[in-house]
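Undergrad: What follows is data_4.pdb, made up of PDB, C-alpha atoms:
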```
ATOM      1  CA  MET D  60     -27.962  -2.198 -22.981
ATOM      2  CA  LEU D  61     -28.851   1.091 -21.278
ATOM      3  CA  ARG D  62     -32.130   0.989 -19.418
ATOM      4  CA  PRO D  63     -34.023   3.878 -17.757
ATOM      5  CA  LEU D  64     -34.879   3.604 -14.081
ATOM      6  CA  PRO D  65     -38.477   2.497 -13.384
ATOM      7  CA  ARG D  66     -40.862   5.393 -12.785
ATOM      8  CA  LYS D  67     -41.358   4.308  -9.172
ATOM      9  CA  LYS D  68     -37.633   4.486  -8.542
ATOM     10  CA  ARG D  69     -37.439   7.940 -10.083
ATOM     11  CA  ARG D  70     -40.072   9.115  -7.597
ATOM     12  CA  ASP D  71     -38.241   7.548  -4.682
ATOM     13  CA  SER D  72     -36.724  10.289  -2.541
ATOM     14  CA  ASN D  73     -33.673   8.083  -1.898
ATOM     15  CA  CYS D  74     -32.827   8.252  -5.603
ATOM     16  CA  ARG D  75     -33.120  12.005  -5.872
ATOM     17  CA  ALA D  76     -29.979  14.086  -5.877
ATOM     18  CA  SER D  77     -29.932  17.681  -4.745
ATOM     19  CA  THR D  78     -29.473  20.165  -7.565
ATOM     20  CA  GLU D  79     -28.728  23.045  -5.222
ATOM     21  CA  PRO D  80     -25.396  24.735  -5.988
ATOM     22  CA  GLY D  81     -22.677  23.488  -3.639
ATOM     23  CA  ALA D  82     -24.817  20.629  -2.312
ATOM     24  CA  VAL D  83     -22.825  18.086  -0.333
ATOM     25  CA  HIS D  84     -23.693  14.398  -0.604
ATOM     26  CA  SER D  85     -22.677  11.649   1.794
ATOM     27  CA  ALA D  86     -19.767   9.408   0.839
ATOM     28  CA  ARG D  87     -22.125   6.427   0.744
ATOM     29  CA  SER D  88     -24.454   8.231  -1.669
ATOM     30  CA  VAL D  89     -21.563   9.174  -3.957
ATOM     31  CA  ARG D  90     -20.250   5.598  -3.985
ATOM     32  CA  HIS D  91     -23.711   4.194  -4.770
ATOM     33  CA  THR D  92     -24.234   6.695  -7.594
ATOM     34  CA  HIS D  93     -20.806   5.865  -8.988
ATOM     35  CA  SER D  94     -21.594   2.140  -8.934
ATOM     36  CA  VAL D  95     -24.810   2.651 -10.935
ATOM     37  CA  LEU D  96     -23.144   5.042 -13.376
ATOM     38  CA  ARG D  97     -20.164   2.760 -13.886
ATOM     39  CA  LEU D  98     -22.416  -0.172 -14.846
ATOM     40  CA  ALA D  99     -24.404   2.016 -17.223
ATOM     41  CA  LEU D 100     -21.255   3.300 -18.914
ATOM     42  CA  LYS D 101     -19.923  -0.253 -19.152
ATOM     43  CA  ASP D 102     -23.048  -1.134 -21.170
ATOM     44  CA  ALA D 103     -22.399   1.923 -23.347
ATOM     45  CA  VAL D 104     -18.859   0.726 -24.095
ATOM     46  CA  THR D 105     -20.171  -2.743 -24.966
ATOM     47  CA  ALA D 106     -22.766  -1.184 -27.275
ATOM     48  CA  GLY D 107     -20.080   0.888 -28.989
ATOM     49  CA  LYS D 108     -21.619   4.200 -27.917
ATOM     50  CA  ILE D 109     -18.389   5.316 -26.210
ATOM     51  CA  THR D 110     -14.807   4.075 -26.456
ATOM     52  CA  HIS D 111     -13.944   3.878 -22.763
ATOM     53  CA  ASN D 112     -15.614   3.996 -19.352
ATOM     54  CA  PRO D 113     -14.732   7.339 -17.700
ATOM     55  CA  ALA D 114     -16.032   6.085 -14.336
ATOM     56  CA  VAL D 115     -13.281   3.466 -14.074
ATOM     57  CA  GLY D 116     -10.495   4.596 -11.765
ATOM     58  CA  ALA D 117     -12.466   7.519 -10.302
ATOM     59  CA  LYS D 118     -11.298   8.545  -6.828
ATOM     60  CA  LEU D 119     -14.146   7.925  -4.406
ATOM     61  CA  PRO D 120     -14.627   9.281  -0.873
ATOM     62  CA  ARG D 121     -14.363   6.791   1.957
ATOM     63  CA  ASP D 122     -17.448   6.245   4.052
ATOM     64  CA  ARG D 123     -16.741   7.662   7.507
ATOM     65  CA  GLY D 124     -18.608   4.742   8.973
ATOM     66  CA  GLU D 125     -16.190   2.356   7.284
ATOM     67  CA  VAL D 126     -13.402   1.408   9.658
ATOM     68  CA  ARG D 127     -10.496  -0.610   8.364
ATOM     69  CA  GLU D 128      -8.594  -2.363  11.089
ATOM     70  CA  MET D 129      -4.890  -1.587  10.867
ATOM     71  CA  ARG D 130      -2.400  -4.108  12.156
ATOM     72  CA  ALA D 131       1.365  -4.056  12.146
ATOM     73  CA  TRP D 132       3.875  -6.783  12.880
ATOM     74  CA  SER D 133       6.695  -6.266  15.323
ATOM     75  CA  ALA D 134      10.256  -6.257  14.009
ATOM     76  CA  GLU D 135      10.649  -9.819  15.282
ATOM     77  CA  GLN D 136       7.503 -11.021  13.506
ATOM     78  CA  LEU D 137       8.549  -9.362  10.250
ATOM     79  CA  ALA D 138      11.993 -10.960  10.462
ATOM     80  CA  ALA D 139      10.378 -14.364  11.128
ATOM     81  CA  PHE D 140       8.115 -13.951   8.079
ATOM     82  CA  LEU D 141      10.979 -13.025   5.764
ATOM     83  CA  GLU D 142      13.038 -15.946   7.049
ATOM     84  CA  SER D 143      10.105 -18.351   6.603
ATOM     85  CA  THR D 144       9.500 -17.199   3.003
ATOM     86  CA  ARG D 145      13.145 -17.113   1.935
ATOM     87  CA  ASP D 146      12.540 -19.776  -0.736
ATOM     88  CA  ASP D 147       9.206 -18.359  -1.979
ATOM     89  CA  ARG D 148       9.015 -17.041  -5.514
ATOM     90  CA  LEU D 149       7.656 -13.752  -4.174
ATOM     91  CA  HIS D 150      10.149 -13.401  -1.325
ATOM     92  CA  GLU D 151      11.795 -10.426  -3.039
ATOM     93  CA  LEU D 152       8.411  -8.730  -3.427
ATOM     94  CA  TRP D 153       7.615  -9.288   0.273
ATOM     95  CA  TYR D 154      11.039  -7.931   1.181
ATOM     96  CA  THR D 155      10.722  -4.835  -1.007
ATOM     97  CA  ALA D 156       7.238  -4.121   0.359
ATOM     98  CA  ALA D 157       8.414  -4.360   3.962
ATOM     99  CA  PHE D 158      11.414  -2.081   3.510
ATOM    100  CA  THR D 159       9.881   0.571   1.241
ATOM    101  CA  GLY D 160       6.245   0.838   2.339
ATOM    102  CA  LEU D 161       5.049   0.689  -1.280
ATOM    103  CA  ARG D 162       1.425  -0.136  -2.013
ATOM    104  CA  ARG D 163       0.505  -3.435  -3.642
ATOM    105  CA  GLY D 164      -0.277  -1.751  -6.966
ATOM    106  CA  GLU D 165       2.960   0.259  -6.893
ATOM    107  CA  LEU D 166       4.976  -2.931  -6.459
ATOM    108  CA  ALA D 167       3.071  -4.791  -9.168
ATOM    109  CA  GLY D 168       3.502  -1.826 -11.526
ATOM    110  CA  LEU D 169       7.219  -1.326 -10.877
ATOM    111  CA  LYS D 170       9.467  -1.618 -13.940
ATOM    112  CA  TRP D 171      13.201  -2.126 -14.157
ATOM    113  CA  HIS D 172      13.779   1.322 -15.647
ATOM    114  CA  ASP D 173      12.251   2.694 -12.434
ATOM    115  CA  VAL D 174      15.140   1.200 -10.439
ATOM    116  CA  THR D 175      18.227   3.344  -9.873
ATOM    117  CA  TRP D 176      21.114   1.190  -8.685
ATOM    118  CA  PRO D 177      23.728   2.508  -6.223
ATOM    119  CA  ASP D 178      26.808   3.952  -7.891
ATOM    120  CA  GLU D 179      30.472   4.292  -6.977
ATOM    121  CA  SER D 180      29.967   7.874  -5.792
ATOM    122  CA  GLY D 181      27.974   6.609  -2.830
ATOM    123  CA  GLN D 182      24.534   7.468  -4.221
ATOM    124  CA  SER D 183      22.005   5.076  -2.699
ATOM    125  CA  GLY D 184      19.599   2.985  -4.720
ATOM    126  CA  ARG D 185      16.137   4.385  -5.444
ATOM    127  CA  LEU D 186      12.768   3.312  -6.758
ATOM    128  CA  ARG D 187      10.891   5.746  -8.994
ATOM    129  CA  ILE D 188       7.140   5.431  -8.429
ATOM    130  CA  ARG D 189       5.211   6.635 -11.472
ATOM    131  CA  ARG D 190       2.509   4.001 -12.030
ATOM    132  CA  GLY D 191       0.523   1.258 -10.383
ATOM    133  CA  LEU D 192      -1.020  -2.005 -11.512
ATOM    134  CA  VAL D 193      -4.471  -2.290  -9.967
ATOM    135  CA  SER D 194      -7.364  -4.715 -10.263
ATOM    136  CA  VAL D 195     -10.405  -3.288 -12.082
ATOM    137  CA  ASP D 196     -13.283  -5.711 -12.586
ATOM    138  CA  GLY D 197     -10.789  -8.522 -12.075
ATOM    139  CA  LYS D 198      -8.406  -7.241 -14.775
ATOM    140  CA  ALA D 199      -4.914  -5.893 -14.090
ATOM    141  CA  THR D 200      -4.987  -2.245 -15.211
ATOM    142  CA  ILE D 201      -2.275   0.413 -15.290
ATOM    143  CA  SER D 202      -3.022   3.462 -13.143
ATOM    144  CA  THR D 203      -1.171   6.683 -12.410
ATOM    145  CA  PRO D 204      -0.604   8.309  -8.990
ATOM    146  CA  LYS D 205      -3.678  10.176  -7.781
ATOM    147  CA  THR D 206      -1.655  12.989  -6.206
ATOM    148  CA  ALA D 207       1.660  14.691  -6.923
ATOM    149  CA  ALA D 208       3.065  13.192  -3.729
ATOM    150  CA  GLY D 209       2.170   9.705  -4.959
ATOM    151  CA  GLY D 210       4.697  10.029  -7.778
ATOM    152  CA  ARG D 211       7.915   9.906  -5.794
ATOM    153  CA  ASP D 212      11.399   8.461  -5.423
ATOM    154  CA  VAL D 213      11.930   6.052  -2.525
ATOM    155  CA  ALA D 214      15.436   5.347  -1.244
ATOM    156  CA  ILE D 215      16.316   1.691  -0.705
ATOM    157  CA  ASP D 216      18.853   0.152   1.648
ATOM    158  CA  PRO D 217      21.675  -2.186   0.515
ATOM    159  CA  ASP D 218      19.776  -5.343   1.551
ATOM    160  CA  THR D 219      16.779  -4.329  -0.567
ATOM    161  CA  VAL D 220      19.161  -3.663  -3.462
ATOM    162  CA  PHE D 221      20.480  -7.200  -2.967
ATOM    163  CA  ALA D 222      16.919  -8.565  -2.969
ATOM    164  CA  LEU D 223      16.247  -6.813  -6.285
ATOM    165  CA  ARG D 224      19.455  -8.235  -7.759
ATOM    166  CA  ARG D 225      18.186 -11.699  -6.774
ATOM    167  CA  GLN D 226      14.985 -10.856  -8.647
ATOM    168  CA  VAL D 227      17.078 -10.062 -11.742
ATOM    169  CA  ALA D 228      18.664 -13.509 -11.451
ATOM    170  CA  ARG D 229      15.242 -15.129 -11.027
ATOM    171  CA  GLN D 230      13.952 -13.540 -14.240
ATOM    172  CA  LEU D 231      17.066 -14.600 -16.135
ATOM    173  CA  GLY D 232      16.376 -18.164 -15.006
ATOM    174  CA  ASP D 233      12.751 -17.867 -16.141
ATOM    175  CA  HIS D 234      13.951 -16.562 -19.513
ATOM    176  CA  ASP D 235      16.286 -19.521 -19.949
ATOM    177  CA  ARG D 236      13.527 -22.014 -19.150
ATOM    178  CA  TRP D 237      10.843 -20.393 -21.338
ATOM    179  CA  GLY D 238      13.093 -19.433 -24.222
ATOM    180  CA  ASP D 239      11.329 -17.548 -27.018
ATOM    181  CA  ALA D 240       7.990 -17.863 -25.193
ATOM    182  CA  TRP D 241       9.242 -15.625 -22.386
ATOM    183  CA  GLN D 242       7.839 -12.093 -22.643
ATOM    184  CA  ALA D 243      10.106  -9.119 -21.927
ATOM    185  CA  THR D 244       7.505  -6.831 -20.327
ATOM    186  CA  GLY D 245      10.004  -4.849 -18.269
ATOM    187  CA  PHE D 246       8.113  -5.413 -15.003
ATOM    188  CA  VAL D 247      10.138  -6.213 -11.889
ATOM    189  CA  PHE D 248       7.764  -8.737 -10.321
ATOM    190  CA  THR D 249       6.437 -11.241 -12.837
ATOM    191  CA  ILE D 250       5.070 -14.738 -13.256
ATOM    192  CA  GLU D 251       7.219 -17.397 -14.914
ATOM    193  CA  ASN D 252       6.527 -16.290 -18.509
ATOM    194  CA  GLY D 253       7.494 -12.652 -17.860
ATOM    195  CA  GLN D 254       3.986 -11.233 -17.581
ATOM    196  CA  PRO D 255       3.369  -8.913 -14.601
ATOM    197  CA  ILE D 256       1.864 -10.608 -11.569
ATOM    198  CA  HIS D 257      -1.801  -9.816 -10.943
ATOM    199  CA  PRO D 258      -2.340  -7.723  -7.779
ATOM    200  CA  GLU D 259      -5.008 -10.129  -6.506
ATOM    201  CA  ARG D 260      -2.574 -13.023  -6.821
ATOM    202  CA  VAL D 261      -0.118 -11.087  -4.662
ATOM    203  CA  THR D 262      -2.755 -10.904  -1.927
ATOM    204  CA  LYS D 263      -3.675 -14.592  -2.248
ATOM    205  CA  LEU D 264      -0.072 -15.789  -2.037
ATOM    206  CA  PHE D 265       0.631 -13.434   0.869
ATOM    207  CA  ARG D 266      -2.208 -14.997   2.878
ATOM    208  CA  GLU D 267      -0.866 -18.464   2.142
ATOM    209  CA  ALA D 268       2.660 -17.419   3.148
ATOM    210  CA  ILE D 269       1.420 -16.073   6.500
ATOM    211  CA  GLN D 270      -0.408 -19.315   7.173
ATOM    212  CA  GLN D 271       2.729 -21.309   6.417
ATOM    213  CA  ALA D 272       4.790 -19.040   8.692
ATOM    214  CA  LYS D 273       2.225 -19.427  11.516
ATOM    215  CA  LEU D 274       2.220 -15.694  12.235
ATOM    216  CA  PRO D 275      -0.647 -13.341  13.204
ATOM    217  CA  ARG D 276      -2.739 -12.704  10.118
ATOM    218  CA  ILE D 277      -2.450  -9.246   8.575
ATOM    219  CA  ARG D 278      -3.457  -7.810   5.201
ATOM    220  CA  PHE D 279      -0.826  -7.229   2.532
ATOM    221  CA  HIS D 280      -1.447  -3.480   2.968
ATOM    222  CA  ASP D 281      -0.413  -3.909   6.592
ATOM    223  CA  LEU D 282       3.180  -4.479   5.464
ATOM    224  CA  ARG D 283       3.028  -0.785   4.567
ATOM    225  CA  HIS D 284       1.716   0.002   8.051
ATOM    226  CA  THR D 285       4.466  -2.166   9.537
ATOM    227  CA  HIS D 286       7.089  -0.194   7.596
ATOM    228  CA  ALA D 287       5.714   3.119   8.853
ATOM    229  CA  THR D 288       5.258   1.929  12.430
ATOM    230  CA  LEU D 289       8.793   0.550  12.733
ATOM    231  CA  GLY D 290      10.164   3.750  11.205
ATOM    232  CA  LEU D 291       8.298   6.013  13.630
ATOM    233  CA  GLU D 292       9.295   3.832  16.573
ATOM    234  CA  ALA D 293      12.914   4.186  15.443
ATOM    235  CA  GLY D 294      12.569   7.981  15.651
ATOM    236  CA  ILE D 295      12.410   8.729  11.925
ATOM    237  CA  PRO D 296      10.653  12.104  11.413
ATOM    238  CA  VAL D 297       6.999  12.019  10.398
ATOM    239  CA  LYS D 298       7.784  14.080   7.297
ATOM    240  CA  VAL D 299      10.255  11.477   6.025
ATOM    241  CA  ILE D 300       7.802   8.633   6.631
ATOM    242  CA  SER D 301       5.054  10.648   4.912
ATOM    243  CA  GLN D 302       7.250  11.199   1.846
ATOM    244  CA  ARG D 303       8.154   7.513   1.634
ATOM    245  CA  LEU D 304       4.497   6.503   1.828
ATOM    246  CA  GLY D 305       3.458   9.089  -0.767
ATOM    247  CA  HIS D 306       0.969  10.840   1.501
ATOM    248  CA  SER D 307      -0.203  14.204   0.207
ATOM    249  CA  SER D 308       0.392  15.784   3.636
ATOM    250  CA  THR D 309       1.985  14.919   6.965
ATOM    251  CA  ARG D 310      -1.456  15.370   8.546
ATOM    252  CA  ILE D 311      -2.579  12.127   6.894
ATOM    253  CA  THR D 312       0.434  10.334   8.357
ATOM    254  CA  GLN D 313      -0.133  11.820  11.796
ATOM    255  CA  ASP D 314      -3.814  10.889  11.794
ATOM    256  CA  THR D 315      -3.132   7.355  10.566
ATOM    257  CA  TYR D 316      -0.374   6.635  13.071
ATOM    258  CA  GLN D 317      -1.435   8.783  16.010
ATOM    259  CA  HIS D 318      -1.366   5.767  18.352
ATOM    260  CA  VAL D 319       2.267   5.085  17.412
ATOM    261  CA  LEU D 320       3.245   8.754  17.745
ATOM    262  CA  ARG D 321       1.647   8.883  21.194
ATOM    263  CA  GLU D 322       3.820   5.975  22.328
ATOM    264  CA  VAL D 323       6.899   7.592  20.773
ATOM    265  CA  GLN D 324       6.116  10.831  22.636
ATOM    266  CA  GLU D 325       5.891   8.968  25.939
ATOM    267  CA  GLU D 326       9.166   7.143  25.296
ATOM    268  CA  THR D 327      10.859  10.421  24.304
ATOM    269  CA  ALA D 328       9.741  12.065  27.538
ATOM    270  CA  ALA D 329      11.167   9.158  29.531
ATOM    271  CA  GLN D 330      14.480   9.270  27.628
ATOM    272  CA  ILE D 331      14.878  13.027  28.195
ATOM    273  CA  ALA D 332      14.174  12.574  31.894
ATOM    274  CA  ALA D 333      16.730   9.752  32.046
ATOM    275  CA  ARG D 334      19.415  11.903  30.390
ATOM    276  CA  VAL D 335      18.824  14.721  32.839
ATOM    277  CA  LYS D 336      19.179  12.306  35.751
ATOM    278  CA  LEU D 337      22.389  10.921  34.296
ATOM    279  CA  ALA D 338      23.714  14.472  34.057
ATOM    280  CA  GLY D 339      23.464  14.707  37.856
ATOM    281  CA  SER D 340      20.221  16.622  38.308
ATOM    282  CA  PRO D 341      18.413  15.131  41.312
ATOM    283  CA  PRO D 342      14.858  13.947  40.756
ATOM    284  CA  ALA D 343      12.102  16.022  42.223
ATOM    285  CA  THR D 344      10.993  14.673  45.585
ATOM    286  CA  ALA D 345       7.352  14.032  46.152
ATOM    287  CA  PRO D 346       5.802  16.192  48.860
ATOM    288  CA  ASP D 347       5.215  14.559  52.210
ATOM    289  CA  GLU D 348       1.630  13.365  52.212
ATOM    290  CA  GLY D 349       1.298  14.429  55.800
ATOM    291  CA  ALA D 350       2.753  17.905  55.301
ATOM    292  CA  GLY D 351       0.249  20.612  55.946
ATOM    293  CA  GLY D 352      -2.327  18.111  57.147
ATOM    294  CA  ALA D 353      -4.139  18.044  60.463
ATOM    295  CA  ALA D 354      -2.240  16.546  63.378
TER     296      ALA D 354
END
```
Just give me the structure of the file as structure tokens.
TA:
Amino acid sequence: MLRPLPRKKRRDSNCRASTEPGAVHSARSVRHTHSVLRLALKDAVTAGKITHNPAVGAKLPRDRGEVREMRAWSAEQLAAFLESTRDDRLHELWYTAAFTGLRRGELAGLKWHDVTWPDESGQSGRLRIRRGLVSVDGKATISTPKTAAGGRDVAIDPDTVFALRRQVARQLGDHDRWGDAWQATGFVFTIENGQPIHPERVTKLFREAIQQAKLPRIRFHDLRHTHATLGLEAGIPVKVISQRLGHSSTRITQDTYQHVLREVQEETAAQIAARVKLAGSPPATAPDEGAGGAA
């Protein structure tokens, strides 16, 4: 049921919004207003006043005061995790996440017709990202990319192709066990009956897998950061990493991974200096500390 705000609240200056043209509101204020509006519209849907809640799925600004700690595993830690989870039902999902940098929702929303397998001409395999499966009020909901860059094709290496072929075999086994009760939803990563796996369940099982592997705890989203970090450390151009991640600009990638890029810059400088030395150019000699000084 829709209810008006109490008169006292309407007089409260904290509840007033500027009506000046071009007024800018803080991210926190926008998020609070959205939360109130979303609940009100949810009541309207329940009451049959409107058919859907237009506030669901709205892109909200991030509060600048909100800092999300980003962690990335080393190559050795990632390899240890994948080895530890080799027999897990979601091993192929972990593997695909680590070697593509896809978001949780993009993985959960991936369908088999989005997979392009390698062909005899040498064309590599690819994943076509056109939708996501996100959690909205606890329900798995289909979403579309928020930017043009988010809808993209991501190349996959032969080992990831092999992991996806194992996932095909897993689903065929599920189909055999469930028979007519198995549901052909077309999703790549599913529960035993063929229904797509809920994004929140992916997170829960990932936490449990880390605990079993006895590795430093990271968020599932940090597999994406691990993918980008390892790529940048390997010398892959920022633009390529940005395209794989679906960032709308390379500036976002540079800002997010500036600490990694700084280390790469330092290593590059050292490698260039080493090559010059190997070519026979003598290193510059430091000036004598006593030169020019008083006797």
Undergrad: Draw an axis-aligned box over all listed atoms of range 274-286 of chain D, pad each side with 4 Å, and write its centre and edge lengths in Å, one decimal, as lines of an AutoDock Vina configuration file.
TA:
```
center_x = 1.8
center_y = -7.8
center_z = 7.9
size_x = 18.5
size_y = 23.7
size_z = 18.7
```
Undergrad: Would you mind telling me which residue in D:Ile300, D:Ile311, D:Val115, D:Gly107 lies nearest to Asp196 in chain D when using all atoms listed in the file?
TA: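 Result for the nearest residue to Asp196 in chain D: D:Val115.
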Undergrad: CA of Ala103 in chain D to CA of Thr206 in chain D: how many Å, to one decimal?
TA: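 Atom-to-atom, CA of Ala103 in chain D to CA of Thr206 in chain D, that is 29.1 Å.
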Undergrad: Hey, what's within 12 Å of Leu231 in chain D if we count all atoms listed in the file and toss same-chain stuff fewer than 5 positions away? As a list in words, please?
TA: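 Using all atoms listed in the file, the neighbours found are Arg224, Arg225, Gln226, Arg236, Trp237, Gly238, Trp241, Gln242, Ala243, Val247, Thr249, Glu251, Asn252 and Gly253 of chain D.
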Undergrad: Using only C-alpha atoms, what table do you get, as JSON lines, when you list each residue of range 231-349 of chain D with an atom no more than 10 Å from range 139-154 of chain D, its nearest pair of atoms, and their distance in Å rounded to one decimal, rows by chain then rising number?
TA:
```
{"residue": "D:Val247", "atom": "CA", "partner": "D:Leu152", "partner_atom": "CA", "distance": 9.0}
{"residue": "D:Phe248", "atom": "CA", "partner": "D:Leu152", "partner_atom": "CA", "distance": 6.9}
{"residue": "D:Thr249", "atom": "CA", "partner": "D:Leu149", "partner_atom": "CA", "distance": 9.1}
{"residue": "D:Ile250", "atom": "CA", "partner": "D:Arg148", "partner_atom": "CA", "distance": 9.0}
{"residue": "D:Glu251", "atom": "CA", "partner": "D:Arg148", "partner_atom": "CA", "distance": 9.6}
{"residue": "D:Ile256", "atom": "CA", "partner": "D:Leu149", "partner_atom": "CA", "distance": 9.9}
{"residue": "D:Val261", "atom": "CA", "partner": "D:Leu149", "partner_atom": "CA", "distance": 8.2}
{"residue": "D:Leu264", "atom": "CA", "partner": "D:Leu149", "partner_atom": "CA", "distance": 8.3}
{"residue": "D:Phe265", "atom": "CA", "partner": "D:Trp153", "partner_atom": "CA", "distance": 8.1}
{"residue": "D:Ala268", "atom": "CA", "partner": "D:Thr144", "partner_atom": "CA", "distance": 6.8}
{"residue": "D:Ile269", "atom": "CA", "partner": "D:Phe140", "partner_atom": "CA", "distance": 7.2}
{"residue": "D:Gln271", "atom": "CA", "partner": "D:Ser143", "partner_atom": "CA", "distance": 7.9}
{"residue": "D:Ala272", "atom": "CA", "partner": "D:Ser143", "partner_atom": "CA", "distance": 5.8}
{"residue": "D:Lys273", "atom": "CA", "partner": "D:Phe140", "partner_atom": "CA", "distance": 8.7}
{"residue": "D:Leu274", "atom": "CA", "partner": "D:Phe140", "partner_atom": "CA", "distance": 7.4}
{"residue": "D:Phe279", "atom": "CA", "partner": "D:Trp153", "partner_atom": "CA", "distance": 9.0}
{"residue": "D:Leu282", "atom": "CA", "partner": "D:Trp153", "partner_atom": "CA", "distance": 8.4}
```
Undergrad: Would you please work out which residue, of D:Leu291, D:Ala138, D:Met129, D:Leu161, is nearest to Arg321 in chain D when using all atoms listed in the file?
TA: D:Leu291
Undergrad: Please, what distance in Å, to one decimal, runs between CA of Val193 in chain D and CA of Gly164 in chain D?
TA: 5.2 Å
Undergrad: Could you check how far CA of Glu326 in chain D sits from CA of Ala131 in chain D, in Å to one decimal?
TA: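 Taking CA of Glu326 in chain D and CA of Ala131 in chain D, their separation equals 19.0 Å.
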